[in-house]
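Just upload24.cif here, mmCIF, C-alpha atoms:
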data_coords
loop_
_atom_site.label_atom_id
_atom_site.label_comp_id
_atom_site.auth_asym_id
_atom_site.auth_seq_id
_atom_site.Cartn_x
_atom_site.Cartn_y
_atom_site.Cartn_z
CA MET C 1 94.42 -13.77 -7.02
CA ILE C 2 97.70 -12.27 -8.12
CA GLY C 3 100.81 -14.39 -8.43
CA ARG C 4 104.35 -13.70 -9.48
CA THR C 5 105.33 -14.27 -13.07
CA ARG C 6 107.24 -17.38 -12.16
CA THR C 7 110.76 -18.06 -13.34
CA ARG C 8 111.52 -20.88 -15.68
CA ALA C 9 112.83 -24.05 -14.08
CA LEU C 10 116.44 -24.94 -14.85
CA LEU C 11 118.39 -28.17 -15.07
CA ALA C 12 122.03 -28.51 -14.07
CA ALA C 13 123.97 -30.75 -16.44
CA THR C 14 125.98 -32.63 -13.87
CA ALA C 15 128.33 -34.22 -16.38
CA ALA C 16 129.57 -30.96 -17.87
CA GLY C 17 128.73 -28.71 -14.96
CA ALA C 18 126.90 -26.32 -17.28
CA LEU C 19 123.53 -24.75 -16.61
CA LEU C 20 120.92 -25.66 -19.21
CA VAL C 21 117.42 -24.41 -19.71
CA GLY C 22 114.81 -27.03 -18.83
CA MET C 23 113.06 -26.48 -22.17
CA THR C 24 115.69 -25.93 -24.83
CA ALA C 25 113.51 -25.81 -27.95
CA VAL C 26 111.14 -22.92 -28.62
CA PRO C 27 108.19 -24.18 -30.72
CA ALA C 28 106.78 -22.11 -33.55
CA LEU C 29 104.26 -19.53 -32.39
CA GLY C 30 100.77 -20.95 -32.13
CA GLN C 31 102.01 -24.51 -31.55
CA GLN C 32 102.20 -26.44 -28.30
CA PRO C 33 105.70 -27.12 -26.94
CA ALA C 34 107.18 -30.42 -28.03
CA VAL C 35 108.23 -31.36 -24.51
CA PRO C 36 106.45 -31.23 -21.14
CA ALA C 37 106.62 -28.23 -18.85
CA PRO C 38 110.04 -27.62 -17.29
CA ALA C 39 111.04 -30.06 -14.58
CA PRO C 40 112.09 -28.93 -11.11
CA SER C 41 115.66 -27.73 -11.01
CA VAL C 42 118.51 -29.91 -9.86
CA PRO C 43 121.00 -28.07 -7.61
CA VAL C 44 124.55 -27.66 -8.86
CA GLU C 45 127.11 -29.88 -7.17
CA SER C 46 128.79 -27.06 -5.22
CA PRO C 47 126.24 -24.27 -4.86
CA ILE C 48 127.19 -20.90 -3.48
CA ALA C 49 125.55 -19.88 -0.22
CA PRO C 50 122.67 -19.26 -0.05
CA ALA C 51 121.45 -22.44 -1.72
CA PRO C 52 119.28 -21.94 -4.82
CA THR C 53 115.54 -21.92 -4.22
CA ASN C 54 112.38 -22.15 -6.26
CA GLY C 55 114.09 -23.54 -9.35
CA LYS C 56 116.81 -20.91 -9.57
CA ALA C 57 120.28 -22.39 -9.98
CA ALA C 58 123.09 -20.59 -8.17
CA VAL C 59 125.86 -19.10 -10.30
CA GLU C 60 129.31 -17.74 -9.52
CA GLY C 61 129.36 -13.97 -9.04
CA SER C 62 132.87 -13.27 -10.35
CA ASP C 63 131.93 -13.54 -14.04
CA ILE C 64 128.26 -12.68 -13.79
CA GLN C 65 128.55 -9.50 -15.85
CA GLN C 66 129.67 -11.64 -18.80
CA ARG C 67 126.35 -13.47 -18.48
CA GLU C 68 124.42 -10.19 -18.84
CA TYR C 69 124.26 -10.42 -22.62
CA TRP C 70 121.58 -7.71 -22.80
CA LEU C 71 124.04 -5.03 -21.71
CA ASP C 72 125.63 -5.18 -25.16
CA ASP C 73 122.93 -6.81 -27.30
CA TYR C 74 120.23 -4.28 -26.30
CA GLY C 75 122.35 -1.14 -26.24
CA VAL C 76 122.57 -0.63 -22.47
CA ARG C 77 126.30 0.11 -22.35
CA ASP C 78 125.90 2.60 -25.20
CA ALA C 79 123.06 4.31 -23.34
CA TRP C 80 125.29 4.77 -20.28
CA LYS C 81 127.24 7.38 -22.25
CA SER C 82 124.18 9.61 -21.83
CA ALA C 83 122.54 8.51 -18.57
CA THR C 84 122.92 6.09 -15.67
CA GLY C 85 119.66 6.75 -13.80
CA LYS C 86 121.13 9.20 -11.31
CA GLY C 87 118.44 11.08 -9.37
CA VAL C 88 115.62 8.79 -10.56
CA LYS C 89 113.51 6.61 -8.26
CA ILE C 90 112.19 3.19 -9.27
CA ALA C 91 109.56 1.69 -6.96
CA VAL C 92 109.77 -2.12 -6.94
CA ILE C 93 106.36 -3.45 -5.90
CA ASP C 94 107.24 -7.05 -5.22
CA THR C 95 108.08 -9.54 -2.46
CA GLY C 96 110.62 -7.30 -0.71
CA VAL C 97 114.18 -6.25 -1.58
CA ASP C 98 117.37 -7.18 0.30
CA GLY C 99 118.95 -3.75 0.53
CA SER C 100 122.03 -5.21 2.23
CA HIS C 101 123.07 -7.16 -0.88
CA GLN C 102 126.55 -6.09 -1.95
CA ASP C 103 125.26 -5.04 -5.38
CA LEU C 104 122.43 -2.93 -3.94
CA THR C 105 123.92 -1.31 -0.83
CA GLY C 106 123.30 2.42 -0.77
CA SER C 107 120.81 2.21 -3.63
CA VAL C 108 117.75 0.95 -1.74
CA GLY C 109 115.83 3.69 0.01
CA GLU C 110 113.38 3.51 2.89
CA GLY C 111 110.42 1.56 1.58
CA THR C 112 107.23 0.18 3.06
CA ASP C 113 105.22 -3.00 3.53
CA VAL C 114 101.60 -3.13 2.37
CA SER C 115 100.90 -6.73 3.39
CA GLY C 116 100.78 -6.33 7.15
CA LYS C 117 103.32 -9.15 7.42
CA GLY C 118 106.70 -7.68 6.47
CA ARG C 119 109.18 -5.19 7.83
CA ALA C 120 108.21 -1.54 7.75
CA ASP C 121 111.08 -0.70 5.34
CA GLY C 122 110.03 -3.19 2.66
CA GLN C 123 113.34 -5.08 2.82
CA GLN C 124 112.12 -8.43 4.14
CA GLY C 125 111.47 -11.23 1.65
CA LEU C 126 107.86 -12.45 1.79
CA GLY C 127 105.59 -15.13 0.37
CA GLU C 128 106.37 -18.18 -1.72
CA GLU C 129 109.26 -16.48 -3.56
CA PRO C 130 110.89 -14.15 -1.00
CA GLU C 131 113.93 -13.73 -3.25
CA HIS C 132 111.90 -12.47 -6.22
CA GLY C 133 112.00 -8.77 -5.33
CA THR C 134 115.79 -8.79 -4.90
CA LEU C 135 116.28 -10.46 -8.29
CA VAL C 136 114.06 -7.82 -9.89
CA ALA C 137 115.70 -4.85 -8.15
CA SER C 138 119.19 -5.98 -9.16
CA LEU C 139 118.33 -5.97 -12.88
CA ALA C 140 116.84 -2.50 -12.59
CA ALA C 141 119.53 -0.79 -10.51
CA GLY C 142 122.28 -3.15 -9.37
CA HIS C 143 125.67 -1.40 -9.22
CA GLY C 144 127.94 -4.40 -8.66
CA HIS C 145 130.73 -4.48 -6.09
CA GLY C 146 134.52 -4.41 -5.88
CA LYS C 147 136.69 -2.02 -7.84
CA ASP C 148 135.27 0.74 -10.01
CA ARG C 149 134.72 -0.07 -13.67
CA SER C 150 136.83 1.96 -16.06
CA GLY C 151 134.85 3.87 -18.64
CA GLY C 152 131.45 3.14 -17.19
CA PRO C 153 129.22 3.16 -14.12
CA GLY C 154 129.23 0.59 -11.37
CA LYS C 155 131.79 -1.90 -10.11
CA GLN C 156 133.71 -4.71 -11.77
CA GLN C 157 131.98 -7.65 -10.08
CA GLY C 158 128.37 -8.65 -9.52
CA ILE C 159 125.14 -7.56 -11.19
CA LEU C 160 124.89 -4.33 -13.18
CA GLY C 161 121.35 -3.10 -13.59
CA VAL C 162 120.21 -1.03 -16.56
CA ALA C 163 120.13 2.09 -14.36
CA PRO C 164 122.97 1.45 -11.86
CA ASP C 165 122.77 4.93 -10.31
CA ALA C 166 119.00 4.92 -9.77
CA GLU C 167 117.38 4.58 -6.35
CA ILE C 168 115.11 1.64 -5.50
CA LEU C 169 112.00 2.19 -3.37
CA PRO C 170 111.01 -1.28 -2.10
CA VAL C 171 107.31 -1.95 -1.52
CA SER C 172 106.83 -5.44 -0.11
CA MET C 173 103.69 -7.49 -0.73
CA TRP C 174 102.62 -10.99 0.24
CA LEU C 175 101.92 -13.03 -2.88
CA GLY C 176 100.79 -16.63 -2.62
CA ALA C 177 98.72 -18.64 -0.18
CA GLU C 178 96.66 -16.54 2.20
CA GLN C 179 98.09 -16.09 5.69
CA PRO C 180 96.56 -14.81 8.93
CA GLY C 181 97.14 -11.10 9.31
CA VAL C 182 97.93 -10.57 5.63
CA LYS C 183 95.84 -8.05 3.70
CA ASP C 184 93.90 -9.18 0.65
CA VAL C 185 95.99 -8.73 -2.49
CA ASN C 186 93.31 -6.49 -3.98
CA GLU C 187 93.98 -4.12 -1.11
CA GLN C 188 97.76 -4.49 -1.24
CA ILE C 189 98.03 -3.54 -4.92
CA PRO C 190 96.34 -0.10 -4.78
CA ASP C 191 98.00 0.71 -1.45
CA ALA C 192 101.39 -0.09 -2.99
CA VAL C 193 100.83 2.04 -6.10
CA ARG C 194 99.63 5.05 -4.09
CA TRP C 195 102.52 4.82 -1.66
CA ALA C 196 105.02 4.71 -4.51
CA VAL C 197 103.52 7.79 -6.18
CA ASP C 198 103.33 9.71 -2.91
CA HIS C 199 106.98 8.97 -2.14
CA GLY C 200 108.45 10.29 -5.34
CA ALA C 201 108.67 7.27 -7.64
CA ASP C 202 109.32 8.20 -11.26
CA VAL C 203 108.77 4.62 -12.44
CA ILE C 204 106.83 1.75 -10.84
CA ASN C 205 108.08 -1.79 -11.54
CA MET C 206 105.45 -4.53 -11.19
CA SER C 207 106.93 -7.93 -12.06
CA VAL C 208 103.66 -9.55 -11.06
CA GLY C 209 100.84 -10.99 -13.10
CA SER C 210 97.53 -12.80 -12.90
CA ASN C 211 95.38 -15.17 -14.93
CA ALA C 212 92.57 -12.60 -15.27
CA THR C 213 92.41 -9.83 -17.85
CA ALA C 214 90.00 -7.79 -15.70
CA TRP C 215 90.92 -6.10 -12.44
CA PRO C 216 88.91 -5.12 -9.36
CA GLN C 217 87.38 -1.69 -9.24
CA SER C 218 89.37 -1.15 -6.05
CA TRP C 219 92.47 -0.72 -8.24
CA ASP C 220 91.02 2.00 -10.47
CA SER C 221 91.78 5.14 -8.53
CA ALA C 222 95.35 4.07 -7.66
CA PHE C 223 96.37 3.56 -11.28
CA ALA C 224 94.49 6.71 -12.27
CA TYR C 225 96.47 8.52 -9.57
CA ALA C 226 99.78 7.27 -11.01
CA GLU C 227 98.67 8.42 -14.46
CA GLU C 228 97.61 11.82 -13.11
CA LYS C 229 101.02 12.28 -11.46
CA ASN C 230 102.89 11.19 -14.62
CA VAL C 231 104.38 8.06 -13.06
CA LEU C 232 104.97 5.26 -15.57
CA VAL C 233 103.86 1.79 -14.45
CA VAL C 234 105.68 -1.14 -16.10
CA ALA C 235 104.19 -4.63 -15.68
CA ALA C 236 104.87 -8.22 -16.74
CA ALA C 237 102.94 -9.99 -19.50
CA GLY C 238 103.29 -13.30 -17.63
CA ASN C 239 104.71 -16.68 -18.64
CA ARG C 240 103.14 -19.67 -20.32
CA GLY C 241 105.51 -21.84 -18.28
CA SER C 242 103.61 -20.84 -15.15
CA GLY C 243 100.20 -21.28 -16.74
CA LEU C 244 99.53 -17.73 -17.95
CA THR C 245 98.59 -18.18 -21.60
CA GLN C 246 97.49 -14.59 -22.06
CA VAL C 247 98.36 -11.24 -20.53
CA GLY C 248 96.61 -10.62 -17.22
CA ALA C 249 96.14 -7.63 -14.92
CA PRO C 250 97.83 -5.32 -14.05
CA ALA C 251 99.47 -5.51 -17.50
CA THR C 252 96.05 -5.14 -19.16
CA ILE C 253 95.31 -1.79 -17.52
CA PRO C 254 95.32 1.08 -20.07
CA GLY C 255 98.38 3.28 -19.74
CA VAL C 256 100.48 0.52 -18.16
CA LEU C 257 103.52 -0.52 -20.23
CA SER C 258 103.08 -4.28 -20.59
CA VAL C 259 106.31 -6.20 -21.27
CA GLY C 260 106.65 -9.44 -23.22
CA GLY C 261 109.71 -11.68 -23.54
CA VAL C 262 112.00 -13.02 -26.28
CA ASP C 263 114.72 -15.67 -26.36
CA ARG C 264 118.38 -15.24 -27.28
CA GLN C 265 117.43 -15.29 -30.99
CA ARG C 266 114.89 -12.49 -30.40
CA GLN C 267 111.99 -14.80 -31.06
CA ALA C 268 108.92 -14.62 -28.81
CA SER C 269 109.66 -16.93 -25.90
CA TRP C 270 107.26 -19.85 -25.58
CA ASP C 271 107.30 -20.52 -21.84
CA SER C 272 108.99 -17.32 -20.61
CA SER C 273 106.41 -14.94 -22.05
CA SER C 274 102.74 -14.72 -22.92
CA GLN C 275 100.62 -12.98 -25.53
CA GLY C 276 97.95 -10.30 -25.65
CA ILE C 277 96.90 -7.12 -27.41
CA SER C 278 98.08 -4.99 -24.49
CA ILE C 279 101.80 -5.87 -24.86
CA GLY C 280 103.73 -2.68 -25.56
CA VAL C 281 107.32 -3.86 -25.94
CA ALA C 282 109.35 -7.07 -25.71
CA GLY C 283 112.80 -7.74 -24.25
CA PRO C 284 115.06 -10.60 -23.16
CA SER C 285 113.40 -13.10 -20.82
CA GLU C 286 115.58 -16.23 -21.07
CA ASP C 287 118.98 -17.13 -19.57
CA MET C 288 118.77 -14.19 -17.18
CA VAL C 289 120.80 -13.70 -13.99
CA GLY C 290 120.12 -11.71 -10.86
CA ALA C 291 121.03 -11.08 -7.24
CA MET C 292 119.73 -13.37 -4.48
CA PRO C 293 119.30 -12.30 -0.83
CA GLY C 294 122.46 -12.84 1.21
CA ASN C 295 124.95 -11.81 -1.52
CA GLY C 296 124.06 -14.75 -3.76
CA TYR C 297 123.29 -14.94 -7.49
CA ALA C 298 121.06 -17.12 -9.59
CA GLU C 299 120.02 -17.79 -13.16
CA TRP C 300 116.34 -17.37 -13.91
CA SER C 301 113.88 -16.67 -16.72
CA GLY C 302 110.53 -14.99 -17.31
CA THR C 303 108.99 -11.62 -18.01
CA SER C 304 109.56 -10.86 -14.33
CA ALA C 305 113.18 -10.37 -15.38
CA THR C 306 112.32 -8.35 -18.49
CA VAL C 307 110.25 -5.73 -16.68
CA PRO C 308 113.17 -4.26 -14.65
CA LEU C 309 115.18 -3.88 -17.85
CA VAL C 310 112.37 -1.73 -19.25
CA SER C 311 111.94 0.10 -15.93
CA GLY C 312 115.68 0.79 -15.91
CA THR C 313 115.41 2.11 -19.47
CA ALA C 314 112.62 4.43 -18.34
CA ALA C 315 114.90 5.67 -15.54
CA LEU C 316 117.67 6.46 -18.04
CA ILE C 317 115.18 8.36 -20.19
CA LYS C 318 113.90 10.30 -17.18
CA GLN C 319 117.42 11.42 -16.28
CA ARG C 320 118.25 12.41 -19.85
CA HIS C 321 114.86 14.02 -20.51
CA PRO C 322 113.53 15.15 -17.11
CA GLU C 323 110.74 17.19 -18.70
CA LEU C 324 108.97 14.12 -20.11
CA THR C 325 105.79 12.72 -18.61
CA GLY C 326 105.30 9.03 -17.93
CA ALA C 327 103.27 8.73 -21.13
CA GLN C 328 106.03 10.41 -23.15
CA ILE C 329 108.65 8.08 -21.67
CA ALA C 330 106.51 5.15 -22.79
CA GLN C 331 106.30 6.75 -26.25
CA ARG C 332 110.09 6.84 -26.56
CA ILE C 333 110.35 3.19 -25.58
CA VAL C 334 107.74 1.89 -28.02
CA LYS C 335 108.61 4.22 -30.91
CA THR C 336 112.28 3.21 -30.89
CA ALA C 337 111.56 -0.51 -30.52
CA HIS C 338 112.50 -2.72 -33.49
CA ASP C 339 109.43 -4.10 -35.22
CA ALA C 340 109.14 -7.89 -35.02
CA GLY C 341 106.53 -10.47 -35.90
CA GLU C 342 103.60 -9.09 -37.87
CA LYS C 343 104.11 -5.57 -39.18
CA GLY C 344 103.11 -3.00 -36.61
CA ARG C 345 101.86 -3.83 -33.15
CA ASP C 346 101.14 -7.50 -32.56
CA PRO C 347 100.21 -9.70 -29.56
CA PHE C 348 103.68 -11.27 -29.17
CA TYR C 349 106.10 -8.33 -29.47
CA GLY C 350 103.86 -5.31 -29.01
CA TYR C 351 105.41 -2.41 -30.93
CA GLY C 352 108.70 -4.29 -31.16
CA ILE C 353 111.88 -5.32 -29.36
CA LEU C 354 113.52 -2.98 -26.86
CA ASP C 355 116.44 -0.78 -27.95
CA VAL C 356 117.77 0.94 -24.84
CA ARG C 357 120.26 3.25 -26.56
CA ALA C 358 117.72 4.47 -29.11
CA ALA C 359 115.08 5.02 -26.44
CA VAL C 360 117.46 7.24 -24.49
CA GLU C 361 119.31 9.08 -27.26
CA ASP C 362 117.30 9.18 -30.51
CA ASP C 363 115.18 12.12 -31.58
CA VAL C 364 111.61 11.02 -30.95
CA GLU C 365 108.51 13.10 -31.51
CA THR C 366 106.34 12.95 -28.42
CA THR C 367 102.78 14.06 -27.78
CA GLU C 368 100.53 14.26 -24.76
CA GLU C 369 98.64 11.15 -25.85
CA ASN C 370 99.75 7.84 -24.36
CA PRO C 371 100.03 5.14 -27.07
CA LEU C 372 99.08 2.64 -24.38
CA GLY C 373 95.78 4.35 -23.61
CA SER C 374 94.44 6.09 -20.51
CA VAL C 375 93.05 4.33 -17.46
CA GLN C 376 91.19 7.51 -16.50
CA HIS C 377 89.40 7.51 -19.85
CA TRP C 378 88.69 3.79 -19.52
CA ILE C 379 87.15 4.31 -16.08
CA GLU C 380 84.91 7.08 -17.38
CA GLN C 381 83.70 4.83 -20.19
CA ASN C 382 83.33 1.54 -18.33
CA ARG C 383 82.64 2.09 -14.64
CA PRO C 384 79.35 3.24 -13.09
CA HIS C 385 79.30 7.00 -12.61
CA THR C 386 78.51 6.78 -8.92
CA ALA C 387 81.85 8.21 -7.89
CA SER C 388 84.62 10.24 -9.45
CA PRO C 389 87.84 8.22 -9.87
CA GLY C 390 89.77 11.47 -10.09
CA ALA C 391 88.45 12.55 -6.71
CA SER C 392 89.33 9.17 -5.21
CA ALA C 393 92.83 9.41 -6.58
CA SER C 394 93.34 12.94 -5.33
CA ALA C 395 92.24 11.90 -1.87
CA SER C 396 95.47 9.93 -1.48
CA ALA C 397 97.74 12.79 -2.43
CA ASP C 398 98.65 13.49 1.19
CA GLU C 399 102.10 12.23 2.16
CA GLY C 400 102.05 8.67 3.42
CA ASP C 401 98.34 8.04 2.79
CA THR C 402 98.07 4.36 1.83
CA GLU C 403 94.81 3.55 3.60
CA HIS C 404 92.29 4.82 1.07
CA VAL C 405 90.85 1.96 -0.98
CA THR C 406 87.75 2.33 -3.10
CA GLN C 407 84.97 -0.17 -2.55
CA GLU C 408 85.67 -3.39 -4.41
CA ALA C 409 83.15 -4.32 -7.06
CA THR C 410 82.83 -7.21 -9.47
CA PRO C 411 84.30 -6.26 -12.86
CA PRO C 412 81.61 -5.71 -15.49
CA VAL C 413 80.64 -8.84 -17.41
CA ALA C 414 80.74 -8.61 -21.19
CA GLN C 415 77.31 -8.96 -22.74
CA LYS C 416 76.77 -11.20 -25.78
CA PRO C 417 75.74 -9.38 -28.97
CA LEU C 418 72.09 -9.81 -29.89
CA ASN C 419 72.90 -11.64 -33.11
CA GLU C 420 75.49 -14.06 -31.62
CA THR C 421 73.02 -16.98 -31.94
CA GLY C 422 71.61 -15.82 -35.27
CA ALA C 423 68.42 -14.44 -33.67
CA LEU C 424 68.76 -10.98 -35.14
CA PRO C 425 68.68 -12.01 -38.83
CA VAL C 426 65.67 -14.27 -38.19
CA VAL C 427 63.73 -11.46 -36.53
CA ILE C 428 64.53 -9.04 -39.33
CA LEU C 429 63.61 -11.51 -42.07
CA ALA C 430 60.36 -12.49 -40.34
CA SER C 431 59.37 -8.87 -39.91
CA PHE C 432 60.22 -8.15 -43.53
CA ALA C 433 58.11 -11.14 -44.66
CA VAL C 434 55.10 -9.89 -42.71
CA VAL C 435 55.41 -6.45 -44.29
CA VAL C 436 55.73 -7.91 -47.80
CA SER C 437 52.75 -10.24 -47.26
CA GLY C 438 50.60 -7.34 -46.03
CA LEU C 439 51.51 -5.20 -49.02
CA THR C 440 50.76 -8.09 -51.39
CA VAL C 441 47.30 -8.72 -49.91
CA ALA C 442 46.47 -5.03 -50.03
CA ALA C 443 47.53 -4.85 -53.68
CA ILE C 444 45.35 -7.84 -54.63
CA LEU C 445 42.28 -6.34 -52.93
CA HIS C 446 42.90 -2.99 -54.61
CA ILE C 447 43.13 -4.66 -58.06
CA ARG C 448 39.87 -6.53 -57.47
CA ARG C 449 38.08 -3.33 -56.54
CA LEU C 450 39.34 -1.66 -59.69
CA SER C 451 38.24 -4.63 -61.88
CA ARG C 452 34.66 -4.32 -60.59
#
Write-out of the structure in structure tokens:
Amino acid sequence: MIGRTRTRALLAATAAGALLVGMTAVPALGQQPAVPAPAPSVPVESPIAPAPTNGKAAVEGSDIQQREYWLDDYGVRDAWKSATGKGVKIAVIDTGVDGSHQDLTGSVGEGTDVSGKGRADGQQGLGEEPEHGTLVASLAAGHGHGKDRSGGPGKQQGILGVAPDAEILPVSMWLGAEQPGVKDVNEQIPDAVRWAVDHGADVINMSVGSNATAWPQSWDSAFAYAEEKNVLVVAAAGNRGSGLTQVGAPATIPGVLSVGGVDRQRQASWDSSSQGISIGVAGPSEDMVGAMPGNGYAEWSGTSATVPLVSGTAALIKQRHPELTGAQIAQRIVKTAHDAGEKGRDPFYGYGILDVRAAVEDDVETTEENPLGSVQHWIEQNRPHTASPGASASASADEGDTEHVTQEATPPVAQKPLNETGALPVVILASFAVVVSGLTVAAILHIRRLSR
């Protein structure tokens, strides 16, 4: 079952009126946190309408751009000198996007619903966290509101996404407890990916995660289709704070850009990130802000918030370098990242920490090979050859075709090596002993015959 990468719970310090993170200390990597999991949030004394939900504390919108520390710290404002995402489409596969929010009006295109429960345009909040998709979309392509900003894109108030001139394609899913009339999530996911590709998405944002590293075979052809059409899929590594101790699907799928999270000191976040060999890049995941349905704002945390920053970066790259494939966009992002942790790629930071300006503007040598791997190649090596994934993917190339789903199968189970219990050395030694004994006996008999 897929679940959102949940946001980190927050506490409101009622005495000072300041918003504090529920877990303020980040333990050393490999150690357990020194305090229990974050407690449920306590609402601020005078919350803005709508009231905060699901542990997200409401914040005032007038100074919210000052809270977006990543705009300066990660080179976003510098990158805007070259690109703002104009003409690029980012599909947000999530719980629905409120396209009427003042920071998103005019930027949210006609979407779809793949759950069977939401509005046909993908703009109705669904599931246990109906606000989640709006928060995500605002960090990817929010343009703010009010007066124009001087010397930059967007407006003076509200949320500014990394690609404020990009278009959002909302694809709503139902994530959470099963409901009558709602499609199985393993059917929603491939339908959503195919729809996004067929409707012109350049980047697919998936701020969702699971507790399983494997994925159903029913997903194969959809992700292979995105790869074939050069659409970059960006997915969340998950959060320890919500019980995901390692990266899960879809972030484990080869070719998908898996995103981890760091704190304000650029250290791997303990509860607002996860770990795994598939992580490609890391970015800010703590003390984040975003837009809430109904013109509200909230503070939140988690790799759900990091993914749209990377998706927005991909949109800037696509505008600046329209000739690049999805794999080559991923190359620019990981090759310009600042190495952190162990030298080279590691399970906490991937290739390093995101640098938006460098990813957009630096000279980067690109090749046809995706540093994140190829799902098509993986399918050919690991799935039964009873059907052609390429043919399945091509079958959904017709406009609007979201009904084709390959037959679901249980993911292959890893087999234990023969020598895992020590059986192999015993067999070899025993066989060798028999051979030696036989040769010894034969030699003795031969010597006796010669002595006669």
Task: Å distance separating CA of Val88 in chain C from CA of Val193 in chain C, one decimal place - done: 16.9 Å
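Nearest to Thr306 in chain C of all the residues C:Leu244, C:Ala212, C:Leu135, C:Ile277 is C:Leu135, counting only C-alpha atoms.
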TODO: Check what the PyMOL selection byres ((chain C and resi 81) around 12) selects in the file above and give those residues as a VMD selection string.
DONE: chain C and resid 75 to 80 82 to 85 151 to 153 163 316 320 356 to 357 360 to 361
Each residue of range 134-244 of chain C with at least one atom at most 12 Å from range 364-382 of chain C should appear once, together with its nearest atom pair and the corresponding distance in Å (one decimal); atoms considered: all atoms listed in the file; ordering: chain, then increasing residue number; output as a Markdown table.
| residue | atom | partner | partner_atom | distance |
| --- | --- | --- | --- | --- |
| C:Ala214 | CA | C:Asn382 | CA | 11.8 |
| C:Trp215 | CA | C:Ile379 | CA | 11.7 |
| C:Pro216 | CA | C:Ile379 | CA | 11.7 |
| C:Gln217 | CA | C:Ile379 | CA | 9.1 |
| C:Ser218 | CA | C:Ile379 | CA | 11.6 |
| C:Trp219 | CA | C:Val375 | CA | 10.5 |
| C:Asp220 | CA | C:Ile379 | CA | 7.2 |
| C:Ser221 | CA | C:Gln376 | CA | 8.3 |
| C:Ala222 | CA | C:Val375 | CA | 10.1 |
| C:Phe223 | CA | C:Val375 | CA | 7.1 |
| C:Ala224 | CA | C:Gln376 | CA | 5.4 |
| C:Tyr225 | CA | C:Gln376 | CA | 8.8 |
| C:Ala226 | CA | C:Val375 | CA | 9.8 |
| C:Glu227 | CA | C:Val375 | CA | 7.6 |
| C:Glu228 | CA | C:Gln376 | CA | 8.4 |
| C:Asn230 | CA | C:Asn370 | CA | 10.8 |
| C:Leu232 | CA | C:Asn370 | CA | 10.5 |
| C:Val233 | CA | C:Leu372 | CA | 11.1 |
| C:Val234 | CA | C:Leu372 | CA | 11.2 |
Open item on the list: As an exercise, work out the distance from CA of Val259 in chain C to CA of Ser272 in chain C in Å and give it to one decimal place.
Closed with: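 According to the coordinates, CA of Val259 in chain C and CA of Ser272 in chain C are separated by 11.5 Å.
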Open item on the list: When the PyMOL selection byres ((chain C and resi 207) around 10) is applied to the structure above, which residues does it catch, written out as an NGL selection string?
Closed with: :C and (3-6 or 92-95 or 132-133 or 136 or 204-206 or 208-209 or 234-238 or 250-251 or 259 or 302-308)
Task: Result set, the PyMOL selection byres ((chain C and resi 131) around 9) on current file, as a ChimeraX atom specification - done: /C:53,95-98,125-126,128-130,132-136,291-293
Export of the given selection (C-alpha atoms) as a PDB file, in the coordinates of the input:
ATOM      1  CA  THR C  53     115.540 -21.920  -4.220  1.00  0.00           C
ATOM      2  CA  THR C  95     108.080  -9.540  -2.460  1.00  0.00           C
ATOM      3  CA  GLY C  96     110.620  -7.300  -0.710  1.00  0.00           C
ATOM      4  CA  VAL C  97     114.180  -6.250  -1.580  1.00  0.00           C
ATOM      5  CA  ASP C  98     117.370  -7.180   0.300  1.00  0.00           C
ATOM      6  CA  GLY C 125     111.470 -11.230   1.650  1.00  0.00           C
ATOM      7  CA  LEU C 126     107.860 -12.450   1.790  1.00  0.00           C
ATOM      8  CA  GLU C 128     106.370 -18.180  -1.720  1.00  0.00           C
ATOM      9  CA  GLU C 129     109.260 -16.480  -3.560  1.00  0.00           C
ATOM     10  CA  PRO C 130     110.890 -14.150  -1.000  1.00  0.00           C
ATOM     11  CA  HIS C 132     111.900 -12.470  -6.220  1.00  0.00           C
ATOM     12  CA  GLY C 133     112.000  -8.770  -5.330  1.00  0.00           C
ATOM     13  CA  THR C 134     115.790  -8.790  -4.900  1.00  0.00           C
ATOM     14  CA  LEU C 135     116.280 -10.460  -8.290  1.00  0.00           C
ATOM     15  CA  VAL C 136     114.060  -7.820  -9.890  1.00  0.00           C
ATOM     16  CA  ALA C 291     121.030 -11.080  -7.240  1.00  0.00           C
ATOM     17  CA  MET C 292     119.730 -13.370  -4.480  1.00  0.00           C
ATOM     18  CA  PRO C 293     119.300 -12.300  -0.830  1.00  0.00           C
TER      19      PRO C 293
END
TODO: Measure the distance from CA of Lys89 in chain C to CA of Ile353 in chain C in Å and round it to one decimal.
DONE: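 Here the two named atoms are 24.3 Å from each other.
Using all atoms listed in the file, the nearest neighbour of Leu139 in chain C within the list C:Gln246, C:Gly158, C:Asp113, C:Ala57 is C:Gly158.
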Task: Among listed residues C:Gln65, C:Thr336, C:Ser242, C:Thr325, nearest Asp103 in chain C (using all atoms listed in the file) - done: C:Gln65
Task: Among the residues C:Glu187, C:Asp148, C:Asp346, C:Asp362, the one that comes closest to Arg332 in chain C [using all atoms listed in the file] - done: C:Asp362
Near Tyr297 in chain C, counting all atoms listed in the file, which residues have an atom at most 7 Å away, once you skip same-chain residues fewer than 6 positions from it, shown as a PDB file with C-alpha atoms, in the coordinates of the input?
ATOM      1  CA  ALA C  58     123.090 -20.590  -8.170  1.00  0.00           C
ATOM      2  CA  VAL C  59     125.860 -19.100 -10.300  1.00  0.00           C
ATOM      3  CA  GLU C  60     129.310 -17.740  -9.520  1.00  0.00           C
ATOM      4  CA  GLY C  61     129.360 -13.970  -9.040  1.00  0.00           C
ATOM      5  CA  GLY C 290     120.120 -11.710 -10.860  1.00  0.00           C
ATOM      6  CA  ALA C 291     121.030 -11.080  -7.240  1.00  0.00           C
TER       7      ALA C 291
END
